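Undergrad: Below is work_16.cif; it holds mmCIF, C-alpha atoms.
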data_input
loop_
_atom_site.label_atom_id
_atom_site.label_comp_id
_atom_site.auth_asym_id
_atom_site.auth_seq_id
_atom_site.Cartn_x
_atom_site.Cartn_y
_atom_site.Cartn_z
CA MET A 1 33.52 -120.81 -105.36
CA THR A 2 30.64 -120.05 -107.74
CA THR A 3 29.87 -121.98 -110.91
CA ALA A 4 31.14 -119.00 -112.89
CA ASP A 5 34.57 -119.50 -111.30
CA ALA A 6 34.65 -123.30 -111.62
CA THR A 7 36.82 -123.67 -114.73
CA VAL A 8 37.26 -127.37 -115.49
CA PHE A 9 39.41 -127.18 -118.63
CA THR A 10 41.56 -124.64 -120.47
CA ARG A 11 43.38 -124.73 -123.78
CA THR A 12 45.28 -122.10 -125.72
CA ASP A 13 45.03 -122.16 -129.49
CA ALA A 14 48.11 -120.59 -131.09
CA GLU A 15 46.01 -118.85 -133.74
CA VAL A 16 42.76 -118.00 -131.98
CA GLY A 17 43.46 -117.54 -128.26
CA CYS A 18 42.52 -118.96 -124.87
CA PHE A 19 39.52 -121.22 -124.34
CA SER A 20 38.06 -122.42 -121.05
CA LEU A 21 35.02 -124.38 -119.96
CA ARG A 22 32.98 -124.38 -116.77
CA PRO A 23 29.72 -126.10 -115.80
CA VAL A 24 26.55 -124.34 -116.94
CA ASP A 25 24.57 -122.75 -114.13
CA PRO A 26 21.00 -123.36 -115.35
CA LEU A 27 19.53 -120.28 -113.68
CA THR A 28 22.22 -117.64 -114.17
CA ASP A 29 23.20 -118.81 -117.67
CA ALA A 30 19.71 -119.48 -119.05
CA GLU A 31 19.10 -115.98 -120.42
CA LEU A 32 22.37 -115.98 -122.38
CA LEU A 33 21.88 -119.56 -123.58
CA HIS A 34 18.31 -118.75 -124.64
CA THR A 35 19.64 -116.08 -127.03
CA TRP A 36 22.10 -118.59 -128.47
CA VAL A 37 19.84 -121.63 -128.92
CA THR A 38 16.95 -119.65 -130.43
CA HIS A 39 19.14 -117.77 -132.92
CA PRO A 40 18.50 -118.71 -136.59
CA LYS A 41 22.09 -120.01 -136.91
CA ALA A 42 21.32 -122.57 -134.16
CA ALA A 43 18.51 -124.32 -136.08
CA PHE A 44 20.19 -127.74 -135.77
CA TYR A 45 20.31 -127.39 -131.96
CA LEU A 46 16.53 -128.01 -132.05
CA LEU A 47 15.52 -125.35 -129.51
CA GLN A 48 14.41 -122.64 -131.96
CA ASP A 49 10.99 -122.13 -130.38
CA ALA A 50 12.10 -122.51 -126.75
CA THR A 51 11.02 -119.91 -124.21
CA LEU A 52 13.34 -118.75 -121.45
CA PRO A 53 11.60 -121.09 -118.94
CA ASP A 54 12.01 -123.94 -121.46
CA VAL A 55 15.77 -123.30 -121.59
CA GLU A 56 16.01 -123.09 -117.80
CA ARG A 57 14.15 -126.38 -117.52
CA GLU A 58 16.29 -128.04 -120.21
CA PHE A 59 19.55 -127.16 -118.46
CA MET A 60 18.15 -127.95 -115.00
CA ASP A 61 17.26 -131.42 -116.32
CA ILE A 62 20.78 -131.81 -117.74
CA ALA A 63 22.33 -130.67 -114.43
CA ALA A 64 20.22 -133.20 -112.53
CA SER A 65 21.14 -136.11 -114.80
CA PRO A 66 23.91 -138.54 -113.84
CA HIS A 67 24.46 -139.21 -117.57
CA HIS A 68 24.49 -135.72 -119.10
CA ASP A 69 26.20 -132.40 -118.35
CA ALA A 70 26.63 -129.02 -119.99
CA PHE A 71 29.52 -126.54 -120.07
CA LEU A 72 29.75 -122.88 -120.95
CA GLY A 73 32.82 -122.19 -123.03
CA ARG A 74 34.69 -118.90 -122.95
CA HIS A 75 37.07 -117.41 -125.47
CA ASN A 76 39.58 -115.00 -123.97
CA GLY A 77 37.29 -114.78 -120.93
CA GLU A 78 34.04 -114.03 -122.80
CA PRO A 79 31.15 -116.52 -123.17
CA ALA A 80 31.44 -117.97 -126.67
CA PHE A 81 30.17 -121.56 -126.91
CA LEU A 82 28.17 -124.32 -125.31
CA MET A 83 29.15 -127.97 -124.99
CA GLU A 84 27.11 -130.92 -123.79
CA ARG A 85 28.68 -134.24 -122.81
CA TYR A 86 26.53 -137.35 -122.42
CA ASP A 87 26.71 -141.08 -121.89
CA PRO A 88 25.31 -142.55 -125.12
CA ARG A 89 24.25 -145.72 -123.29
CA HIS A 90 21.61 -143.64 -121.50
CA VAL A 91 21.10 -140.38 -123.44
CA GLU A 92 20.47 -139.59 -127.13
CA LEU A 93 21.67 -142.92 -128.53
CA ALA A 94 20.44 -145.49 -126.00
CA GLY A 95 19.82 -148.73 -127.89
CA LEU A 96 20.52 -147.18 -131.30
CA TYR A 97 24.07 -148.43 -131.91
CA PRO A 98 26.49 -150.99 -130.45
CA HIS A 99 27.94 -149.03 -127.54
CA ALA A 100 31.58 -149.65 -126.56
CA ASP A 101 33.20 -149.02 -123.19
CA GLY A 102 34.81 -145.58 -123.21
CA ASP A 103 32.25 -144.01 -125.58
CA ILE A 104 31.16 -140.46 -124.77
CA GLY A 105 28.62 -138.34 -126.67
CA MET A 106 28.94 -134.64 -127.40
CA HIS A 107 27.05 -131.64 -128.79
CA PHE A 108 28.49 -128.16 -129.24
CA LEU A 109 27.18 -124.76 -130.30
CA CYS A 110 29.09 -121.57 -131.00
CA ALA A 111 27.44 -118.32 -129.94
CA PRO A 112 26.11 -116.14 -132.75
CA THR A 113 28.45 -113.29 -133.59
CA GLN A 114 28.66 -110.32 -135.94
CA GLU A 115 32.40 -110.70 -136.44
CA ALA A 116 33.63 -114.05 -137.68
CA VAL A 117 37.10 -115.12 -136.53
CA HIS A 118 38.88 -117.35 -139.06
CA GLY A 119 39.35 -120.82 -137.60
CA PHE A 120 37.24 -120.11 -134.52
CA THR A 121 34.69 -122.94 -134.80
CA ARG A 122 37.39 -125.50 -135.54
CA ALA A 123 39.39 -124.23 -132.53
CA VAL A 124 36.26 -124.59 -130.35
CA LEU A 125 35.68 -128.15 -131.55
CA THR A 126 39.36 -129.00 -131.04
CA THR A 127 39.11 -127.64 -127.48
CA VAL A 128 35.94 -129.64 -126.80
CA MET A 129 37.58 -132.82 -128.09
CA ALA A 130 40.76 -132.17 -126.09
CA MET A 131 38.62 -131.78 -122.96
CA LEU A 132 36.75 -135.02 -123.63
CA PHE A 133 39.96 -136.94 -124.28
CA SER A 134 41.63 -135.43 -121.20
CA ASP A 135 39.60 -138.06 -119.33
CA PRO A 136 41.64 -141.28 -119.68
CA GLY A 137 38.38 -143.26 -119.60
CA THR A 138 37.25 -141.71 -122.89
CA HIS A 139 38.32 -143.85 -125.83
CA ARG A 140 35.89 -142.67 -128.51
CA VAL A 141 33.65 -139.63 -129.01
CA VAL A 142 30.27 -140.27 -130.62
CA VAL A 143 28.21 -137.60 -132.41
CA GLU A 144 24.86 -137.73 -134.19
CA PRO A 145 24.37 -134.47 -136.13
CA ASP A 146 21.51 -133.95 -138.54
CA VAL A 147 22.37 -135.41 -141.96
CA ARG A 148 21.62 -131.99 -143.50
CA ASN A 149 24.20 -130.18 -141.35
CA THR A 150 27.02 -130.41 -143.89
CA ALA A 151 29.05 -127.64 -142.22
CA VAL A 152 29.39 -129.63 -139.00
CA HIS A 153 30.15 -132.83 -140.94
CA ALA A 154 33.17 -131.09 -142.50
CA LEU A 155 34.30 -129.76 -139.10
CA ASN A 156 33.89 -133.18 -137.51
CA GLU A 157 35.99 -134.77 -140.26
CA ALA A 158 38.68 -132.11 -139.80
CA VAL A 159 39.21 -133.19 -136.16
CA GLY A 160 39.19 -136.92 -136.92
CA PHE A 161 35.57 -138.12 -137.00
CA ARG A 162 34.58 -140.84 -139.43
CA ALA A 163 30.95 -141.24 -140.47
CA GLU A 164 29.57 -144.71 -139.77
CA THR A 165 25.88 -144.80 -140.70
CA THR A 166 22.64 -142.87 -140.64
CA LEU A 167 20.13 -143.31 -137.82
CA THR A 168 16.48 -142.39 -137.70
CA LYS A 169 15.79 -140.57 -134.44
CA PRO A 170 12.43 -139.06 -133.45
CA GLU A 171 13.69 -135.51 -134.08
CA LYS A 172 16.00 -136.03 -137.10
CA GLU A 173 17.89 -138.25 -139.51
CA ALA A 174 21.31 -138.38 -137.88
CA LEU A 175 24.79 -139.15 -139.21
CA LEU A 176 26.37 -141.39 -136.58
CA SER A 177 30.10 -140.63 -136.47
CA PHE A 178 33.00 -141.70 -134.25
CA CYS A 179 36.40 -140.30 -133.37
CA THR A 180 39.01 -142.24 -131.43
CA ARG A 181 41.77 -140.58 -129.42
CA GLU A 182 44.26 -141.70 -132.10
CA GLN A 183 42.16 -140.27 -134.94
CA PHE A 184 41.87 -136.95 -133.08
CA GLN A 185 45.63 -136.75 -132.48
CA ALA A 186 46.42 -137.66 -136.11
CA ALA A 187 43.96 -135.06 -137.49
CA THR A 188 44.87 -132.17 -135.17
CA GLY A 189 48.33 -132.85 -133.74
CA VAL A 190 46.81 -132.18 -130.29
CA THR A 191 47.72 -134.59 -127.50
CA PRO A 192 45.14 -134.29 -124.71
CA ALA A 193 46.65 -133.82 -121.24
#
Can the structure from this file be put into structure tokens for me?
TA:
Amino acid sequence: MTTADATVFTRTDAEVGCFSLRPVDPLTDAELLHTWVTHPKAAFYLLQDATLPDVEREFMDIAASPHHDAFLGRHNGEPAFLMERYDPRHVELAGLYPHADGDIGMHFLCAPTQEAVHGFTRAVLTTVMAMLFSDPGTHRVVVEPDVRNTAVHALNEAVGFRAETTLTKPEKEALLSFCTREQFQAATGVTPA
């Protein structure tokens, strides 16, 4: 089985359609991901000036890490979003907040598109959260978006995140936010499998 066939999670959204995730293949996916992460709409992903080799290297490093992984998300079979999952004890937030057992960190990015689909980004985030909470060991999802990224703050709140504090990181001022399994279920009505 190739990475492209290795679907690890699927979810159907009644309004938007079928979503699935598979591990990123750093070499075969790098060209596509490069177009996504360098697009002007991806400014908060912090890879605006990355070259194709930079993107390959970034995702090869993620694939090699025992504390970080990346997934290519598809919508109705077509590549549509990127999700990274990380252990905040070791990646991104190491030493920056009081870590609790069952914490998992996450980043996501929707692919640039010419045709907006109403509710799409929220459906992607709901799918990402459902995948993270499908692991019974995950008790709380931790995110640290740029404080200026008000659009993602609203989306995060819509799926159950609560802002805790701001953190100064080398690359940004971040809004540290948490979402428990119970907060996610209350906000979305989705019960992870």
Undergrad: Out of A:Val16, A:Ala63, A:Ala158, A:Leu33, which residue has the shortest atom-to-atom distance to A:Ala50 when counting only C-alpha atoms?
TA: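 Of the candidates, the smallest distance to A:Ala50 is held by A:Leu33.
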Undergrad: Determine the residue set returned by the PyMOL selection byres ((chain A and resi 72) around 7) for the present structure, and present it as an mmCIF file with C-alpha atoms, keeping the file's coordinate frame.
TA:
data_model
loop_
_atom_site.group_PDB
_atom_site.id
_atom_site.type_symbol
_atom_site.label_atom_id
_atom_site.label_comp_id
_atom_site.auth_asym_id
_atom_site.auth_seq_id
_atom_site.Cartn_x
_atom_site.Cartn_y
_atom_site.Cartn_z
ATOM 1 C CA LEU A 21 35.020 -124.380 -119.960
ATOM 2 C CA ARG A 22 32.980 -124.380 -116.770
ATOM 3 C CA PRO A 23 29.720 -126.100 -115.800
ATOM 4 C CA VAL A 24 26.550 -124.340 -116.940
ATOM 5 C CA ALA A 70 26.630 -129.020 -119.990
ATOM 6 C CA PHE A 71 29.520 -126.540 -120.070
ATOM 7 C CA GLY A 73 32.820 -122.190 -123.030
ATOM 8 C CA ARG A 74 34.690 -118.900 -122.950
ATOM 9 C CA PRO A 79 31.150 -116.520 -123.170
ATOM 10 C CA PHE A 81 30.170 -121.560 -126.910
ATOM 11 C CA LEU A 82 28.170 -124.320 -125.310
ATOM 12 C CA MET A 83 29.150 -127.970 -124.990
#
Undergrad: Kindly indicate which residue among A:Gly189, A:Gly77, A:Pro112, A:Pro53 lies nearest to A:Ala130, using all atoms listed in the file for the distances.
TA: A:Gly189
Undergrad: Distance cut-off 9 Å, centre (39.8, -128.9, -125.8) in file coordinates, counting only C-alpha atoms: which residues qualify? Return them as a tab-separated table (two decimals) with C-alpha atoms, in the frame of the given file.
TA:
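Output saved as selection06.tsv:
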chain	number	residue	atom	x	y	z
A	9	PHE	CA	39.41	-127.18	-118.63
A	10	THR	CA	41.56	-124.64	-120.47
A	11	ARG	CA	43.38	-124.73	-123.78
A	12	THR	CA	45.28	-122.10	-125.72
A	19	PHE	CA	39.52	-121.22	-124.34
A	20	SER	CA	38.06	-122.42	-121.05
A	21	LEU	CA	35.02	-124.38	-119.96
A	123	ALA	CA	39.39	-124.23	-132.53
A	124	VAL	CA	36.26	-124.59	-130.35
A	125	LEU	CA	35.68	-128.15	-131.55
A	126	THR	CA	39.36	-129.00	-131.04
A	127	THR	CA	39.11	-127.64	-127.48
A	128	VAL	CA	35.94	-129.64	-126.80
A	129	MET	CA	37.58	-132.82	-128.09
A	130	ALA	CA	40.76	-132.17	-126.09
A	131	MET	CA	38.62	-131.78	-122.96
A	132	LEU	CA	36.75	-135.02	-123.63
A	133	PHE	CA	39.96	-136.94	-124.28
A	134	SER	CA	41.63	-135.43	-121.20
A	190	VAL	CA	46.81	-132.18	-130.29
A	192	PRO	CA	45.14	-134.29	-124.71
Undergrad: May I have the residues within 10 Å of stretch 91-102 of chain A as a PyMOL selection string, using only C-alpha atoms and disregarding those fewer than 4 positions away in the same chain?
TA: chain A and resi 65+67-68+85-87+106+135-144+165+167-169+176+180
Undergrad: Could you save the residues just selected, with C-alpha atoms, as a compact mmCIF listing (two decimals), keeping the file's coordinate frame?
TA:
# COMPACT_ATOMS: atom_id res chain seq x y z
CA SER A 65 21.14 -136.11 -114.80
CA HIS A 67 24.46 -139.21 -117.57
CA HIS A 68 24.49 -135.72 -119.10
CA ARG A 85 28.68 -134.24 -122.81
CA TYR A 86 26.53 -137.35 -122.42
CA ASP A 87 26.71 -141.08 -121.89
CA MET A 106 28.94 -134.64 -127.40
CA ASP A 135 39.60 -138.06 -119.33
CA PRO A 136 41.64 -141.28 -119.68
CA GLY A 137 38.38 -143.26 -119.60
CA THR A 138 37.25 -141.71 -122.89
CA HIS A 139 38.32 -143.85 -125.83
CA ARG A 140 35.89 -142.67 -128.51
CA VAL A 141 33.65 -139.63 -129.01
CA VAL A 142 30.27 -140.27 -130.62
CA VAL A 143 28.21 -137.60 -132.41
CA GLU A 144 24.86 -137.73 -134.19
CA THR A 165 25.88 -144.80 -140.70
CA LEU A 167 20.13 -143.31 -137.82
CA THR A 168 16.48 -142.39 -137.70
CA LYS A 169 15.79 -140.57 -134.44
CA LEU A 176 26.37 -141.39 -136.58
CA THR A 180 39.01 -142.24 -131.43
Undergrad: Tell me which protein, DNA and RNA residues are within 10 Å of A:Ala42, counting all atoms listed in the file, leaving out same-chain ones fewer than 6 positions away, and put them as an NGL selection string.
TA: :A and (35-36 or 48 or 109-112)
Undergrad: Given the PyMOL selection byres ((chain A and resi 54) around 12) and the file above, list the residues it selects as a ChimeraX atom specification.
TA: /A:26-27,30-31,33-34,37-38,47-53,55-61
Undergrad: At what distance in Å, to one decimal, does atom CA of A:Arg122 lie from atom CA of A:Phe184?
TA: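 Going from atom CA of A:Phe184 over to atom CA of A:Arg122 covers 12.5 Å.
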Undergrad: Quick one: everything within 12 Å of A:Asn149, counting only C-alpha atoms, minus sequence neighbours fewer than 4 positions away in the same chain. Send it as a list in words.
TA: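 Contacts, in chain order: Lys41, Ala42, Ala43, Phe44, Tyr45, Glu144, Pro145, His153, Ala154, Leu155, Asn156, Lys172, Glu173, Ala174 and Leu175 of chain A.
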Undergrad: Between A:Ile104, A:Ala14, A:Val152, A:Val147, which has the minimum distance to A:Glu171 (counting all atoms listed in the file)?
TA: A:Val147
Undergrad: Just give me the gap between atom CA of A:Asp13 and atom CA of A:His39 in Å, one decimal is fine.
TA: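 Rounded to one decimal, the two atoms are 26.5 Å apart.
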Undergrad: Taking all atoms listed in the file into account, which of A:Pro40, A:Gly17, A:Pro170, A:Gly160 comes nearest A:Thr113?
TA: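 Answer, going by the shortest atom-to-atom distance: A:Pro40.
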